[in-house]
Amino acid sequence: MDTLQTKISDITNVIKTITTKNVDNIDDCKQLKCLLHMTERIISILDNELTNLSQLKLKTMSKLSEKVQEIKPILEHAEQQFMIKYSNSQPKLIKQPTFVNKIDIDIGNGIIIPSQLFAKKENIPIMSYGSIIQNGRPLVVFRYSQNNYVSCTASQISDFNNITDNFRTICCVNNQNCEYGQNCKYFHDPLVWPETNHIQKFMKTSMIKKCAYFGHAPFFNEHKKILTFEQAKTLARYCAYMMLLLGQLC
Ligand SMILES: [Zn+2]
């Protein structure tokens, strides 16, 4: 614990040294550039470590929640016995929280989505996003209705020239028993195939002026810098309308 304290203190000291610098008093371009480089480097390292820590926290909480579930009957039994012996009131049930925590999730290509983690997908409110742990990894899910869910993972956006461009766009309908496995030309949703390595593909859109490839995951962080919500409003309206209607399908 002492070693940990020392290490944290070292990191804090480095950050303090940098943040106490008064930029108003630095006129030398080389020094300013150096300071900028150091700041960016530290932010990048901290961002990375923060994501790692969040992932670790998530996995630990999920494992703990699993273990608590295992001993829950014993705990409830013990509590019941205690209540019967010492009180006339009805024993209280231990309520399992429907969500565990808020977490930043990388859905692919460094696209970070702040999400709420739920113990299971059935706890996600209808017409809402949430995340669950699957195979030890967080997965962002959208719940359309009582029984309908889709996963949200990074996508590639392509031109649509011919039928072969449809590769990995349409979802595979061979629920779990697909004979083609990873080689299937249809998209295997990780919600159905947790082991899948498929990357979903969609077609370019004409709904955002000058940004037809919006949604192409490797470009997203760049698009985010140049695109405003206002510019993407047509697509936003289309998505909201379609989602509303999709939610009505059972
Ligand atoms: Zn398939």
# chains A, B, ... in the order shown; residues from 1 in each chain; ligands from 1
call {"tool": "residues_near_ligand", "arguments": {"ligand": "ligand 1", "cutoff": "7 Å", "atoms": "only C-alpha atoms and all ligand atoms", "output": "PyMOL selection string"}}
result
chain A and resi 172-174+178-181+184-188
call {"tool": "residues_around", "arguments": {"residues": "Ile199 of chain A", "least_positions_apart": "5", "cutoff": "8 Å", "atoms": "only C-alpha atoms", "output": "ChimeraX atom specification"}}
result
/A:153-156,168,187
call {"tool": "write_last_selection", "arguments": {"atoms": "N, CA, C and O atoms", "output": "tab-separated table (two decimals), in the first residue's frame"}}
result
chain	number	residue	atom	x	y	z
A	153	THR	N	-21.64	-2.01	-32.09
A	153	THR	CA	-20.18	-2.13	-32.22
A	153	THR	C	-19.70	-1.28	-33.39
A	153	THR	O	-20.51	-0.88	-34.23
A	154	ALA	N	-18.42	-1.02	-33.44
A	154	ALA	CA	-17.85	-0.18	-34.49
A	154	ALA	C	-18.21	-0.74	-35.87
A	154	ALA	O	-18.29	-1.95	-36.05
A	155	SER	N	-18.44	0.17	-36.82
A	155	SER	CA	-18.82	-0.31	-38.15
A	155	SER	C	-17.92	0.30	-39.22
A	155	SER	O	-17.24	1.29	-39.00
A	156	GLN	N	-17.95	-0.36	-40.38
A	156	GLN	CA	-17.28	0.20	-41.56
A	156	GLN	C	-18.36	0.71	-42.49
A	156	GLN	O	-19.40	0.06	-42.64
A	168	ARG	N	-21.51	-8.78	-44.63
A	168	ARG	CA	-21.50	-8.40	-43.22
A	168	ARG	C	-22.41	-7.20	-42.89
A	168	ARG	O	-22.22	-6.53	-41.88
A	187	PHE	N	-23.65	-10.96	-41.07
A	187	PHE	CA	-23.07	-10.45	-39.83
A	187	PHE	C	-23.51	-11.26	-38.61
A	187	PHE	O	-24.71	-11.49	-38.39
call {"tool": "closest_residue", "arguments": {"among": "A:Lys102, A:Arg237, A:His77, A:Lys30", "to": "Leu58 of chain A", "atoms": "only C-alpha atoms"}}
result
A:Lys102
call {"tool": "select_by_dssp", "arguments": {"residues": "segment 10-245 of chain A", "states": "alpha helix (DSSP H)", "output": "count of residues only"}}
result
91
call {"tool": "residues_around", "arguments": {"residues": "Gln231 of chain A", "least_positions_apart": "2", "cutoff": "10 Å", "atoms": "only C-alpha atoms", "output": "ChimeraX atom specification"}}
result
/A:207-211,226-229,233-236
call {"tool": "write_last_selection", "arguments": {"atoms": "all heavy atoms", "output": "short mmCIF file (atom, residue, chain, number, x, y, z; two decimals), in the first residue's frame"}}
result
data_model
loop_
_atom_site.label_atom_id
_atom_site.label_comp_id
_atom_site.auth_asym_id
_atom_site.auth_seq_id
_atom_site.Cartn_x
_atom_site.Cartn_y
_atom_site.Cartn_z
N MET A 207 -27.47 11.62 -46.20
CA MET A 207 -28.23 12.50 -45.30
C MET A 207 -27.38 13.53 -44.58
O MET A 207 -27.91 14.40 -43.91
CB MET A 207 -29.00 11.67 -44.29
CG MET A 207 -30.19 11.03 -44.95
SD MET A 207 -31.26 10.31 -43.75
CE MET A 207 -31.61 8.79 -44.54
N ILE A 208 -26.07 13.40 -44.68
CA ILE A 208 -25.22 14.45 -44.11
C ILE A 208 -24.39 15.03 -45.24
O ILE A 208 -23.61 14.31 -45.89
CB ILE A 208 -24.27 13.92 -43.01
CG1 ILE A 208 -25.07 13.23 -41.91
CG2 ILE A 208 -23.45 15.07 -42.42
CD1 ILE A 208 -24.21 12.68 -40.79
N LYS A 209 -24.57 16.32 -45.45
CA LYS A 209 -23.84 17.00 -46.51
C LYS A 209 -22.34 16.88 -46.29
O LYS A 209 -21.86 17.15 -45.19
CB LYS A 209 -24.24 18.48 -46.51
CG LYS A 209 -24.95 18.94 -47.75
CD LYS A 209 -25.23 20.41 -47.64
CE LYS A 209 -25.79 20.95 -48.92
NZ LYS A 209 -26.07 22.39 -48.79
N LYS A 210 -21.62 16.53 -47.29
CA LYS A 210 -20.15 16.47 -47.27
C LYS A 210 -19.57 15.48 -46.27
O LYS A 210 -18.39 15.54 -45.93
CB LYS A 210 -19.55 17.86 -47.02
CG LYS A 210 -19.82 18.84 -48.13
CD LYS A 210 -19.31 20.21 -47.76
CE LYS A 210 -19.75 21.22 -48.81
NZ LYS A 210 -19.55 22.58 -48.38
N CYS A 211 -20.40 14.60 -45.71
CA CYS A 211 -19.85 13.62 -44.78
C CYS A 211 -20.59 12.29 -44.95
O CYS A 211 -21.20 11.76 -44.02
CB CYS A 211 -19.96 14.12 -43.35
SG CYS A 211 -18.90 13.21 -42.21
N ILE A 226 -15.13 17.85 -36.54
CA ILE A 226 -15.55 18.81 -37.57
C ILE A 226 -17.06 18.92 -37.75
O ILE A 226 -17.56 19.88 -38.33
CB ILE A 226 -14.89 18.50 -38.94
CG1 ILE A 226 -15.15 17.03 -39.33
CG2 ILE A 226 -13.40 18.79 -38.93
CD1 ILE A 226 -14.86 16.73 -40.78
N LEU A 227 -17.79 17.91 -37.26
CA LEU A 227 -19.22 17.85 -37.52
C LEU A 227 -20.05 18.32 -36.32
O LEU A 227 -19.76 17.93 -35.19
CB LEU A 227 -19.57 16.39 -37.85
CG LEU A 227 -20.82 16.13 -38.68
CD1 LEU A 227 -20.66 16.72 -40.07
CD2 LEU A 227 -21.05 14.62 -38.77
N THR A 228 -21.07 19.13 -36.57
CA THR A 228 -21.95 19.53 -35.47
C THR A 228 -23.24 18.71 -35.55
O THR A 228 -23.57 18.15 -36.59
CB THR A 228 -22.34 21.03 -35.57
OG1 THR A 228 -23.09 21.20 -36.78
CG2 THR A 228 -21.12 21.92 -35.58
N PHE A 229 -23.97 18.69 -34.45
CA PHE A 229 -25.23 17.95 -34.43
C PHE A 229 -26.19 18.54 -35.46
O PHE A 229 -26.93 17.84 -36.14
CB PHE A 229 -25.86 17.97 -33.04
CG PHE A 229 -27.12 17.16 -32.96
CD1 PHE A 229 -27.06 15.79 -32.86
CD2 PHE A 229 -28.37 17.76 -33.03
CE1 PHE A 229 -28.21 15.01 -32.83
CE2 PHE A 229 -29.53 17.00 -33.00
CZ PHE A 229 -29.45 15.62 -32.89
N LYS A 233 -28.44 16.67 -38.42
CA LYS A 233 -29.81 16.59 -37.94
C LYS A 233 -30.74 15.73 -38.80
O LYS A 233 -31.62 15.06 -38.28
CB LYS A 233 -30.39 18.00 -37.80
CG LYS A 233 -31.33 18.11 -36.62
CD LYS A 233 -31.61 19.53 -36.32
CE LYS A 233 -32.59 19.63 -35.16
NZ LYS A 233 -32.87 21.01 -34.81
N THR A 234 -30.55 15.78 -40.11
CA THR A 234 -31.43 14.98 -40.98
C THR A 234 -31.28 13.51 -40.64
O THR A 234 -32.27 12.79 -40.47
CB THR A 234 -31.07 15.22 -42.47
OG1 THR A 234 -31.06 16.63 -42.68
CG2 THR A 234 -32.07 14.57 -43.39
N LEU A 235 -30.02 13.07 -40.52
CA LEU A 235 -29.77 11.67 -40.18
C LEU A 235 -30.33 11.36 -38.79
O LEU A 235 -30.92 10.30 -38.57
CB LEU A 235 -28.26 11.38 -40.23
CG LEU A 235 -27.86 9.96 -39.88
CD1 LEU A 235 -28.41 8.96 -40.88
CD2 LEU A 235 -26.35 9.81 -39.80
N ALA A 236 -30.16 12.32 -37.87
CA ALA A 236 -30.65 12.13 -36.50
C ALA A 236 -32.17 11.96 -36.49
O ALA A 236 -32.71 11.09 -35.80
CB ALA A 236 -30.26 13.32 -35.63
#
call {"tool": "atom_distance", "arguments": {"atom1": "atom CA of Ile45 of chain A", "atom2": "atom CA of Ile11 of chain A"}}
result
11.1 Å
call {"tool": "residues_around", "arguments": {"residues": "Gly215 of chain A", "least_positions_apart": "3", "cutoff": "12 Å", "atoms": "only C-alpha atoms", "output": "PyMOL selection string"}}
result
chain A and resi 108-109+111+152-158+200-205+207-208+211-212+218-224+227+232+235
call {"tool": "write_last_selection", "arguments": {"atoms": "N, CA and C atoms", "output": "short mmCIF file (atom, residue, chain, number, x, y, z; two decimals), in the first residue's frame"}}
result
data_model
loop_
_atom_site.label_atom_id
_atom_site.label_comp_id
_atom_site.auth_asym_id
_atom_site.auth_seq_id
_atom_site.Cartn_x
_atom_site.Cartn_y
_atom_site.Cartn_z
N GLY A 108 -14.78 0.11 -30.24
CA GLY A 108 -13.92 -0.22 -31.38
C GLY A 108 -13.34 1.04 -31.98
N ASN A 109 -12.12 0.96 -32.50
CA ASN A 109 -11.44 2.11 -33.13
C ASN A 109 -11.34 3.32 -32.21
N ILE A 111 -13.50 4.55 -30.18
CA ILE A 111 -14.75 5.30 -29.99
C ILE A 111 -15.24 5.01 -28.57
N CYS A 152 -24.20 -2.70 -30.22
CA CYS A 152 -23.68 -1.53 -30.92
C CYS A 152 -22.16 -1.62 -30.94
N THR A 153 -21.64 -2.01 -32.09
CA THR A 153 -20.18 -2.13 -32.22
C THR A 153 -19.70 -1.28 -33.39
N ALA A 154 -18.42 -1.02 -33.44
CA ALA A 154 -17.85 -0.18 -34.49
C ALA A 154 -18.21 -0.74 -35.87
N SER A 155 -18.44 0.17 -36.82
CA SER A 155 -18.82 -0.31 -38.15
C SER A 155 -17.92 0.30 -39.22
N GLN A 156 -17.95 -0.36 -40.38
CA GLN A 156 -17.28 0.20 -41.56
C GLN A 156 -18.36 0.71 -42.49
N ILE A 157 -18.12 1.86 -43.10
CA ILE A 157 -19.09 2.41 -44.05
C ILE A 157 -18.49 2.27 -45.45
N SER A 158 -19.29 1.72 -46.36
CA SER A 158 -18.75 1.54 -47.70
C SER A 158 -19.73 2.04 -48.76
N GLN A 200 -19.31 -5.13 -38.48
CA GLN A 200 -20.51 -4.84 -39.26
C GLN A 200 -20.23 -3.75 -40.29
N LYS A 201 -20.95 -3.85 -41.42
CA LYS A 201 -20.75 -2.87 -42.48
C LYS A 201 -22.08 -2.24 -42.87
N PHE A 202 -22.04 -0.93 -43.10
CA PHE A 202 -23.24 -0.24 -43.56
C PHE A 202 -22.88 0.58 -44.79
N MET A 203 -23.93 1.03 -45.47
CA MET A 203 -23.69 1.83 -46.67
C MET A 203 -23.55 3.30 -46.33
N LYS A 204 -22.88 4.03 -47.21
CA LYS A 204 -22.72 5.47 -46.96
C LYS A 204 -24.08 6.16 -47.01
N THR A 205 -24.16 7.33 -46.40
CA THR A 205 -25.43 8.02 -46.32
C THR A 205 -25.39 9.33 -47.12
N MET A 207 -27.47 11.62 -46.20
CA MET A 207 -28.23 12.50 -45.30
C MET A 207 -27.38 13.53 -44.58
N ILE A 208 -26.07 13.40 -44.68
CA ILE A 208 -25.22 14.45 -44.11
C ILE A 208 -24.39 15.03 -45.24
N CYS A 211 -20.40 14.60 -45.71
CA CYS A 211 -19.85 13.62 -44.78
C CYS A 211 -20.59 12.29 -44.95
N ALA A 212 -20.52 11.78 -46.20
CA ALA A 212 -21.29 10.59 -46.54
C ALA A 212 -20.82 9.34 -45.79
N PRO A 218 -13.16 4.05 -38.12
CA PRO A 218 -11.79 4.60 -38.08
C PRO A 218 -11.75 6.12 -38.28
N PHE A 219 -12.81 6.70 -38.88
CA PHE A 219 -12.83 8.16 -39.11
C PHE A 219 -13.61 8.91 -38.03
N PHE A 220 -14.31 8.18 -37.16
CA PHE A 220 -15.29 8.84 -36.29
C PHE A 220 -14.69 9.96 -35.43
N ASN A 221 -13.53 9.68 -34.82
CA ASN A 221 -12.96 10.72 -33.93
C ASN A 221 -12.60 12.00 -34.70
N GLU A 222 -12.30 11.85 -36.00
CA GLU A 222 -12.04 13.02 -36.84
C GLU A 222 -13.36 13.71 -37.18
N HIS A 223 -14.37 12.92 -37.53
CA HIS A 223 -15.70 13.48 -37.86
C HIS A 223 -16.25 14.26 -36.66
N LYS A 224 -15.98 13.72 -35.47
CA LYS A 224 -16.50 14.34 -34.24
C LYS A 224 -15.97 15.77 -34.07
N LEU A 227 -17.79 17.91 -37.26
CA LEU A 227 -19.22 17.85 -37.52
C LEU A 227 -20.05 18.32 -36.32
N ALA A 232 -25.84 17.21 -38.74
CA ALA A 232 -26.22 15.80 -38.85
C ALA A 232 -27.68 15.58 -38.51
N LEU A 235 -30.02 13.07 -40.52
CA LEU A 235 -29.77 11.67 -40.18
C LEU A 235 -30.33 11.36 -38.79
#
